[in-house]
file final-v7.tsv (TSV, C-alpha atoms)
chain	number	residue	atom	x	y	z
A	1	MET	CA	73.29	52.89	-100.89
A	2	SER	CA	75.68	55.04	-98.82
A	3	ALA	CA	76.59	58.47	-100.13
A	4	ILE	CA	79.94	58.82	-101.84
A	5	ALA	CA	82.69	61.14	-100.58
A	6	SER	CA	83.17	64.71	-101.69
A	7	GLY	CA	85.13	65.51	-104.86
A	8	LEU	CA	85.10	66.47	-108.52
A	9	VAL	CA	84.20	64.11	-111.36
A	10	LEU	CA	85.20	64.65	-115.00
A	11	ILE	CA	82.50	63.59	-117.46
A	12	ASP	CA	82.98	63.08	-121.20
A	13	LYS	CA	79.48	64.10	-122.26
A	14	THR	CA	78.18	62.39	-125.37
A	15	GLN	CA	75.86	64.02	-127.89
A	16	GLY	CA	72.21	64.12	-126.88
A	17	TRP	CA	72.75	64.40	-123.13
A	18	THR	CA	72.05	67.69	-121.39
A	19	SER	CA	74.21	68.94	-118.54
A	20	HIS	CA	71.28	68.43	-116.18
A	21	ASP	CA	70.88	64.84	-117.42
A	22	ALA	CA	74.48	64.31	-116.36
A	23	VAL	CA	73.80	65.82	-112.94
A	24	ALA	CA	70.71	63.63	-112.46
A	25	ARG	CA	72.59	60.44	-113.42
A	26	THR	CA	75.49	61.30	-111.13
A	27	ARG	CA	73.14	62.01	-108.21
A	28	ARG	CA	71.77	58.49	-108.52
A	29	LEU	CA	75.20	56.90	-108.84
A	30	ALA	CA	76.68	58.91	-105.97
A	31	GLY	CA	73.70	58.48	-103.65
A	32	THR	CA	73.43	62.21	-102.95
A	33	ARG	CA	71.46	65.16	-104.27
A	34	LYS	CA	74.40	67.50	-103.70
A	35	VAL	CA	75.77	67.48	-107.24
A	36	GLY	CA	76.41	70.51	-109.45
A	37	HIS	CA	78.18	71.31	-112.71
A	38	ALA	CA	80.57	74.04	-113.83
A	39	GLY	CA	79.77	75.32	-117.30
A	40	THR	CA	76.90	73.95	-119.36
A	41	LEU	CA	77.31	71.95	-122.56
A	42	ASP	CA	74.35	71.88	-124.94
A	43	PRO	CA	73.03	68.48	-126.14
A	44	MET	CA	74.70	69.01	-129.57
A	45	ALA	CA	78.13	69.45	-127.99
A	46	THR	CA	80.35	66.75	-126.52
A	47	GLY	CA	83.30	66.69	-124.19
A	48	LEU	CA	84.39	67.78	-120.78
A	49	LEU	CA	81.83	68.55	-118.09
A	50	ILE	CA	83.04	69.00	-114.51
A	51	LEU	CA	80.71	67.91	-111.72
A	52	GLY	CA	81.11	68.56	-108.01
A	53	ILE	CA	79.80	66.18	-105.36
A	54	ASN	CA	78.80	67.13	-101.81
A	55	SER	CA	80.96	69.88	-100.26
A	56	SER	CA	83.17	70.04	-103.36
A	57	THR	CA	80.35	71.87	-105.15
A	58	ARG	CA	81.91	74.87	-103.39
A	59	LEU	CA	84.89	74.57	-105.74
A	60	LEU	CA	82.75	74.85	-108.85
A	61	THR	CA	82.43	78.61	-108.50
A	62	PHE	CA	86.17	78.80	-109.13
A	63	VAL	CA	86.10	76.33	-112.03
A	64	VAL	CA	83.48	78.24	-114.04
A	65	GLY	CA	85.83	81.12	-114.83
A	66	LEU	CA	88.81	79.06	-116.02
A	67	ASP	CA	90.05	79.15	-119.61
A	68	LYS	CA	88.77	76.42	-121.91
A	69	GLU	CA	89.87	74.51	-125.00
A	70	TYR	CA	87.58	73.33	-127.79
A	71	LEU	CA	87.77	71.38	-131.03
A	72	ALA	CA	85.13	72.54	-133.47
A	73	THR	CA	83.92	72.39	-137.06
A	74	ILE	CA	82.96	75.70	-138.68
A	75	ARG	CA	80.91	75.45	-141.85
A	76	LEU	CA	81.37	78.38	-144.22
A	77	GLY	CA	78.63	79.03	-146.75
A	78	ALA	CA	75.48	79.44	-144.65
A	79	SER	CA	74.27	81.30	-141.58
A	80	THR	CA	71.62	79.91	-139.22
A	81	THR	CA	69.17	81.26	-136.65
A	82	THR	CA	71.20	79.77	-133.79
A	83	ASP	CA	74.71	80.11	-135.26
A	84	ASP	CA	74.97	76.32	-135.18
A	85	ALA	CA	73.55	73.27	-136.94
A	86	GLU	CA	70.52	73.12	-134.63
A	87	GLY	CA	69.00	76.22	-136.20
A	88	GLU	CA	67.29	76.98	-139.50
A	89	ILE	CA	69.36	78.28	-142.41
A	90	LEU	CA	68.94	82.02	-142.87
A	91	VAL	CA	71.13	82.66	-145.92
A	92	SER	CA	73.15	80.32	-148.12
A	93	ALA	CA	76.02	81.54	-150.29
A	94	ALA	CA	76.46	80.45	-153.88
A	95	PRO	CA	78.81	77.45	-154.13
A	96	ALA	CA	81.02	79.48	-156.47
A	97	SER	CA	81.45	82.15	-153.79
A	98	VAL	CA	82.48	79.52	-151.25
A	99	ALA	CA	84.89	77.90	-153.71
A	100	ALA	CA	86.48	81.30	-154.32
A	101	ILE	CA	87.51	81.74	-150.67
A	102	GLU	CA	91.29	81.91	-150.54
A	103	ALA	CA	93.34	80.30	-147.79
A	104	ASP	CA	94.94	83.65	-146.97
A	105	ALA	CA	91.50	85.16	-146.38
A	106	VAL	CA	90.62	82.40	-143.92
A	107	THR	CA	93.93	82.89	-142.14
A	108	ALA	CA	93.36	86.65	-141.91
A	109	GLY	CA	89.78	86.15	-140.69
A	110	ILE	CA	90.94	83.81	-137.92
A	111	ALA	CA	93.72	86.22	-136.92
A	112	ALA	CA	91.19	89.06	-136.61
A	113	LEU	CA	89.20	86.95	-134.13
A	114	THR	CA	92.25	86.07	-132.02
A	115	GLY	CA	93.37	87.96	-128.93
A	116	ALA	CA	91.32	90.40	-126.89
A	117	ILE	CA	88.15	90.99	-128.92
A	118	GLU	CA	84.62	92.30	-128.54
A	119	GLN	CA	82.05	89.56	-129.18
A	120	ALA	CA	78.25	89.68	-129.44
A	121	PRO	CA	76.84	86.47	-127.90
A	122	SER	CA	74.33	84.44	-129.89
A	123	SER	CA	70.76	85.60	-129.43
A	124	VAL	CA	69.82	82.11	-128.23
A	125	SER	CA	72.24	82.21	-125.31
A	126	ALA	CA	71.23	81.81	-121.68
A	127	ILE	CA	72.11	85.43	-120.90
A	128	LYS	CA	69.27	87.19	-119.13
A	129	VAL	CA	67.62	90.24	-120.68
A	130	ASP	CA	65.43	92.11	-118.19
A	131	GLY	CA	65.21	88.98	-116.05
A	132	LYS	CA	64.35	86.58	-118.89
A	133	ARG	CA	66.70	84.25	-120.79
A	134	ALA	CA	67.58	85.52	-124.27
A	135	TYR	CA	66.67	82.20	-125.87
A	136	ALA	CA	63.20	82.35	-124.26
A	137	ARG	CA	62.64	85.78	-125.77
A	138	VAL	CA	63.71	84.50	-129.18
A	139	ARG	CA	61.31	81.56	-128.85
A	140	ALA	CA	58.55	84.06	-128.06
A	141	GLY	CA	59.21	85.81	-131.35
A	142	GLU	CA	61.23	88.75	-130.06
A	143	ASP	CA	64.21	90.16	-131.97
A	144	VAL	CA	67.05	89.92	-129.46
A	145	GLN	CA	70.33	91.75	-130.06
A	146	LEU	CA	72.82	91.26	-127.25
A	147	PRO	CA	75.55	93.85	-126.73
A	148	LYS	CA	79.17	92.99	-127.38
A	149	ARG	CA	81.35	92.02	-124.46
A	150	PRO	CA	85.12	91.63	-124.10
A	151	VAL	CA	86.51	88.09	-124.35
A	152	THR	CA	89.95	86.66	-125.01
A	153	VAL	CA	90.70	84.07	-127.68
A	154	SER	CA	94.27	83.14	-126.86
A	155	GLU	CA	94.56	80.49	-129.59
A	156	PHE	CA	92.50	80.02	-132.76
A	157	GLU	CA	94.17	77.36	-134.89
A	158	LEU	CA	93.06	75.99	-138.26
A	159	LEU	CA	93.71	72.23	-138.28
A	160	SER	CA	92.27	71.31	-141.69
A	161	SER	CA	89.73	72.35	-144.31
A	162	THR	CA	87.43	70.30	-146.55
A	163	GLU	CA	85.06	71.25	-149.37
A	164	THR	CA	81.71	69.48	-148.86
A	165	ASP	CA	78.55	69.91	-150.98
A	166	GLY	CA	79.19	73.55	-151.74
A	167	TYR	CA	80.40	74.37	-148.23
A	168	LEU	CA	83.86	74.78	-146.74
A	169	ASP	CA	84.30	72.96	-143.43
A	170	LEU	CA	87.08	74.16	-141.16
A	171	GLU	CA	88.36	71.97	-138.34
A	172	VAL	CA	89.66	74.33	-135.67
A	173	ARG	CA	91.10	74.38	-132.18
A	174	VAL	CA	90.21	77.27	-129.86
A	175	VAL	CA	91.57	78.22	-126.45
A	176	CYS	CA	89.55	81.02	-124.89
A	177	SER	CA	88.43	82.79	-121.77
A	178	SER	CA	85.24	81.99	-119.98
A	179	GLY	CA	82.38	83.83	-121.62
A	180	THR	CA	83.52	83.15	-125.19
A	181	TYR	CA	80.94	81.69	-127.57
A	182	ILE	CA	82.45	79.39	-130.20
A	183	ARG	CA	79.23	79.70	-132.21
A	184	ALA	CA	79.81	83.43	-132.38
A	185	LEU	CA	83.32	82.87	-133.71
A	186	ALA	CA	81.85	80.72	-136.50
A	187	ARG	CA	79.20	83.35	-137.23
A	188	ASP	CA	81.67	86.24	-137.26
A	189	LEU	CA	84.22	84.43	-139.41
A	190	GLY	CA	81.53	83.64	-141.98
A	191	GLU	CA	80.35	87.24	-142.00
A	192	ALA	CA	83.90	88.54	-142.44
A	193	LEU	CA	84.38	86.25	-145.45
A	194	GLY	CA	81.03	87.29	-146.93
A	195	VAL	CA	79.52	83.79	-147.10
A	196	GLY	CA	78.01	83.21	-143.67
A	197	GLY	CA	79.09	80.60	-141.17
A	198	HIS	CA	77.85	78.38	-138.38
A	199	LEU	CA	79.05	75.63	-136.07
A	200	THR	CA	78.41	71.98	-136.97
A	201	SER	CA	80.30	70.24	-134.16
A	202	LEU	CA	81.86	71.21	-130.85
A	203	ARG	CA	83.92	69.26	-128.35
A	204	ARG	CA	85.31	70.71	-125.12
A	205	THR	CA	88.68	69.15	-124.37
A	206	ARG	CA	89.97	71.13	-121.38
A	207	ILE	CA	88.84	73.39	-118.53
A	208	GLY	CA	91.78	74.96	-116.73
A	209	PRO	CA	94.04	72.11	-115.51
A	210	PHE	CA	91.40	69.42	-116.13
A	211	GLY	CA	91.61	67.49	-119.42
A	212	ILE	CA	89.26	65.23	-121.33
A	213	ASP	CA	91.75	62.33	-121.14
A	214	ALA	CA	90.85	61.81	-117.47
A	215	ALA	CA	87.09	61.85	-118.10
A	216	GLN	CA	84.58	58.99	-118.40
A	217	THR	CA	81.32	58.82	-120.28
A	218	LEU	CA	78.12	58.55	-118.28
A	219	ASP	CA	77.58	55.00	-119.54
A	220	GLU	CA	80.93	53.83	-118.11
A	221	LEU	CA	81.07	56.15	-115.09
A	222	ASP	CA	82.59	54.56	-112.00
A	223	ILE	CA	82.69	57.45	-109.53
A	224	PRO	CA	85.07	55.99	-106.90
A	225	SER	CA	87.72	55.26	-109.54
A	226	VAL	CA	87.73	58.77	-111.02
A	227	LEU	CA	86.78	60.97	-108.07
A	228	ILE	CA	89.25	63.82	-107.56
A	229	GLY	CA	89.25	64.51	-103.82
A	230	PRO	CA	88.77	68.08	-102.62
A	231	THR	CA	92.41	68.49	-101.57
A	232	ASP	CA	93.76	67.24	-104.91
A	233	ALA	CA	91.26	69.37	-106.81
A	234	ALA	CA	91.97	72.51	-104.80
A	235	THR	CA	95.75	72.13	-105.11
A	236	LEU	CA	95.42	71.76	-108.87
A	237	LEU	CA	93.60	75.08	-108.90
A	238	PHE	CA	95.47	77.06	-106.24
A	239	PRO	CA	98.76	77.28	-104.32
A	240	ARG	CA	98.92	74.95	-101.32
A	241	LEU	CA	99.42	75.96	-97.70
A	242	ASP	CA	100.17	73.14	-95.25
A	243	LEU	CA	98.73	74.06	-91.87
A	244	SER	CA	99.86	73.24	-88.37
A	245	PRO	CA	97.27	71.49	-86.18
A	246	GLU	CA	96.61	74.79	-84.38
A	247	GLN	CA	96.15	76.69	-87.64
A	248	ALA	CA	93.72	74.07	-88.90
A	249	VAL	CA	91.60	74.48	-85.76
A	250	ASP	CA	91.74	78.28	-85.94
A	251	LEU	CA	90.66	78.37	-89.59
A	252	GLY	CA	87.86	75.94	-88.86
A	253	HIS	CA	86.61	78.43	-86.27
A	254	GLY	CA	86.85	81.34	-88.70
A	255	LYS	CA	89.97	82.87	-87.14
A	256	ARG	CA	92.78	84.45	-89.15
A	257	ILE	CA	96.20	82.82	-89.23
A	258	ASP	CA	99.72	84.21	-89.55
A	259	LEU	CA	101.30	83.63	-92.99
A	260	THR	CA	104.68	85.17	-92.17
A	261	GLY	CA	107.48	83.00	-93.53
A	262	THR	CA	105.15	80.51	-95.22
A	263	SER	CA	105.32	79.41	-98.86
A	264	VAL	CA	102.36	81.64	-99.71
A	265	SER	CA	103.41	84.80	-97.88
A	266	GLU	CA	104.06	86.55	-101.20
A	267	ILE	CA	100.92	85.35	-103.00
A	268	ALA	CA	98.89	88.22	-104.44
A	269	ALA	CA	96.22	89.52	-102.10
A	270	ASP	CA	92.75	88.09	-102.76
A	271	SER	CA	94.17	85.08	-104.66
A	272	PRO	CA	92.72	81.83	-103.25
A	273	ILE	CA	95.06	79.48	-101.40
A	274	ALA	CA	94.25	75.84	-100.59
A	275	ALA	CA	94.69	75.38	-96.83
A	276	VAL	CA	95.43	71.74	-95.97
A	277	ALA	CA	95.47	70.21	-92.48
A	278	PRO	CA	98.01	67.65	-91.31
A	279	GLY	CA	96.73	64.38	-92.70
A	280	GLY	CA	95.67	65.94	-95.99
A	281	ARG	CA	92.14	67.23	-95.35
A	282	LEU	CA	91.16	70.42	-97.17
A	283	VAL	CA	90.16	72.85	-94.43
A	284	GLY	CA	89.22	75.61	-96.81
A	285	LEU	CA	90.37	78.33	-99.16
A	286	VAL	CA	92.04	81.40	-97.69
A	287	THR	CA	93.19	84.74	-99.05
A	288	ARG	CA	96.08	86.87	-97.87
A	289	ARG	CA	95.41	90.12	-96.01
A	290	GLY	CA	98.82	91.59	-95.30
A	291	SER	CA	100.64	88.98	-93.23
A	292	GLN	CA	97.45	87.14	-92.30
A	293	GLY	CA	95.31	84.52	-93.99
A	294	LYS	CA	91.54	84.99	-93.94
A	295	THR	CA	88.98	82.26	-94.67
A	296	LEU	CA	87.35	82.58	-98.08
A	297	VAL	CA	85.48	79.25	-98.14
A	298	ASN	CA	85.33	76.57	-95.46
A	299	PHE	CA	85.12	72.86	-96.32
A	300	PRO	CA	83.41	71.14	-93.41
A	301	PRO	CA	82.74	67.40	-93.44
A	302	ASP	CA	79.88	66.48	-95.78
A	303	GLU	CA	76.45	66.96	-94.26
A	304	PRO	CA	73.20	65.01	-94.74
A	305	ASP	CA	71.25	65.70	-97.91
A	306	GLU	CA	68.87	68.60	-98.10
A	307	PRO	CA	65.76	68.79	-100.30
A	308	ASP	CA	66.41	69.23	-104.01
A	309	GLU	CA	66.62	72.74	-105.38
A	310	PRO	CA	64.95	73.40	-108.75
A	311	ASP	CA	67.28	73.15	-111.73
A	312	GLU	CA	67.62	75.89	-114.33
A	313	PRO	CA	66.93	74.76	-117.93
A	314	ASP	CA	69.90	74.17	-120.20
A	315	GLU	CA	70.56	76.56	-123.02
A	316	PRO	CA	68.76	75.14	-126.07
A	317	ALA	CA	71.38	75.83	-128.72
A	318	GLY	CA	75.15	75.96	-128.71
A	319	VAL	CA	77.40	76.07	-125.71
A	320	THR	CA	77.02	78.41	-122.84
A	321	ASP	CA	80.37	79.18	-121.35
A	322	THR	CA	79.57	82.09	-119.13
A	323	ALA	CA	79.02	82.91	-115.51
A	324	ALA	CA	75.31	82.42	-116.21
A	325	SER	CA	76.04	78.70	-116.11
A	326	THR	CA	76.40	78.40	-112.37
A	327	PRO	CA	76.53	75.05	-110.57
A	328	ASP	CA	73.17	73.65	-109.50
A	329	LEU	CA	73.88	73.59	-105.78
A	330	ALA	CA	77.00	75.69	-105.45
A	331	SER	CA	75.53	79.01	-106.47
call {"tool": "encode", "arguments": {"input": "final-v7.tsv", "output": "structure tokens"}}
result
Amino acid sequence: MSAIASGLVLIDKTQGWTSHDAVARTRRLAGTRKVGHAGTLDPMATGLLILGINSSTRLLTFVVGLDKEYLATIRLGASTTTDDAEGEILVSAAPASVAAIEADAVTAGIAALTGAIEQAPSSVSAIKVDGKRAYARVRAGEDVQLPKRPVTVSEFELLSSTETDGYLDLEVRVVCSSGTYIRALARDLGEALGVGGHLTSLRRTRIGPFGIDAAQTLDELDIPSVLIGPTDAATLLFPRLDLSPEQAVDLGHGKRIDLTGTSVSEIAADSPIAAVAPGGRLVGLVTRRGSQGKTLVNFPPDEPDEPDEPDEPDEPAGVTDTAASTPDLAS
């Protein structure tokens, strides 16, 4: 089959699939090996996974760092080795202690985990410690304690709560910066309430401007019908600069262009700008240097396939939402 055009595809990942499973399936459907993903979802989690095809894998670097929205279930009353339902229970609280949790205490605990906070990632994350993944060290029997790092939880909303078999299940909605671990929020909320906590379900519903409503499952995936072309994708992410024919040629040759009097002449320096040729082709991303625009990333026509590069293993528990989750072929 002929290779499909460049663009982004929004996948609604179902439970049990790994992010690399999704990449492999899409490679077959698209007829190209140049497919990557932006931000891993563990097999337990469901929801939005963004894939790039052909030259649009170059956009994935900019997608990884966008803010994200999740729907999750936090179970209060037990802590686990992985901070989610995939792990073994470490400590269970007495049902009476769970039943005694007051609504105001839950509200206060959520408020304390909202805003700019310091968060210790789960020990089974994909973060590297001395060149080795943290989860691999845990599997080898090591005690891994990762240092806290700054993250931003802009919204942490309690949607509902249900008492179930001696536990208290909280349905929550979280909007957060890249690098935030929802498992860690569950763990820390449980610790603050003195009963332990872990994640039992997680669904990613948004990454930056891309929402789950526009996604398809892998079983129903029809790439041509949902492919977001590079120009449309880039202009969703960045301000648009419409080029003259001469500017398009100059940028394609790596030359700087004059931005004086253009719609992006006041854009903050170093902020990416989508440069679009007459006819709508994405020439590249540029940044402003004074009154000039300098090429940040070029988008040449798609090239023939190259040999496969080895994939990194997915994180075995929870969701990795950090820069460690780089696209397969866009890194």
call {"tool": "closest_residue", "arguments": {"input": "final-v7.tsv", "among": "A:Arg240, A:Lys68, A:Arg173, A:His253", "to": "Leu285 in chain A", "atoms": "only C-alpha atoms"}}
result
A:Arg240
call {"tool": "closest_residue", "arguments": {"input": "final-v7.tsv", "among": "A:Val226, A:Leu243, A:Ala103, A:Leu71", "to": "Ala275 in chain A", "atoms": "all atoms listed in the file"}}
result
A:Leu243
call {"tool": "closest_residue", "arguments": {"input": "final-v7.tsv", "among": "A:Val151, A:Ala105, A:Leu66, A:Leu189", "to": "Asp83 in chain A", "atoms": "all atoms listed in the file"}}
result
A:Leu189
call {"tool": "closest_residue", "arguments": {"input": "final-v7.tsv", "among": "A:Val286, A:Ile127, A:Val91, A:Ala134", "to": "Ile267 in chain A", "atoms": "all atoms listed in the file"}}
result
A:Val286
call {"tool": "closest_residue", "arguments": {"input": "final-v7.tsv", "among": "A:Pro209, A:Gly109, A:Gly252, A:Gly47", "to": "Asp188 in chain A", "atoms": "all atoms listed in the file"}}
result
A:Gly109
call {"tool": "atom_distance", "arguments": {"input": "final-v7.tsv", "atom1": "CA of Val153 in chain A", "atom2": "CA of Gly115 in chain A"}}
result
4.9 Å
call {"tool": "atom_distance", "arguments": {"input": "final-v7.tsv", "atom1": "CA of Asp67 in chain A", "atom2": "CA of Ala116 in chain A"}}
result
13.5 Å
call {"tool": "atom_distance", "arguments": {"input": "final-v7.tsv", "atom1": "CA of Ser160 in chain A", "atom2": "CA of Thr107 in chain A"}}
result
11.7 Å
call {"tool": "closest_residue", "arguments": {"input": "final-v7.tsv", "among": "A:Arg204, A:Lys255, A:Arg288, A:His37", "to": "Cys176 in chain A", "atoms": "all atoms listed in the file"}}
result
A:Arg204
call {"tool": "residues_around", "arguments": {"input": "final-v7.tsv", "residues": "Glu118 in chain A", "least_positions_apart": "2", "cutoff": "10 Å", "atoms": "all atoms listed in the file", "output": "list in words"}}
result
Leu113, Gly115, Ala116, Ala120, Pro121, Pro147, Lys148, Arg149, Pro150, Val151, Thr152 and Thr180 of chain A
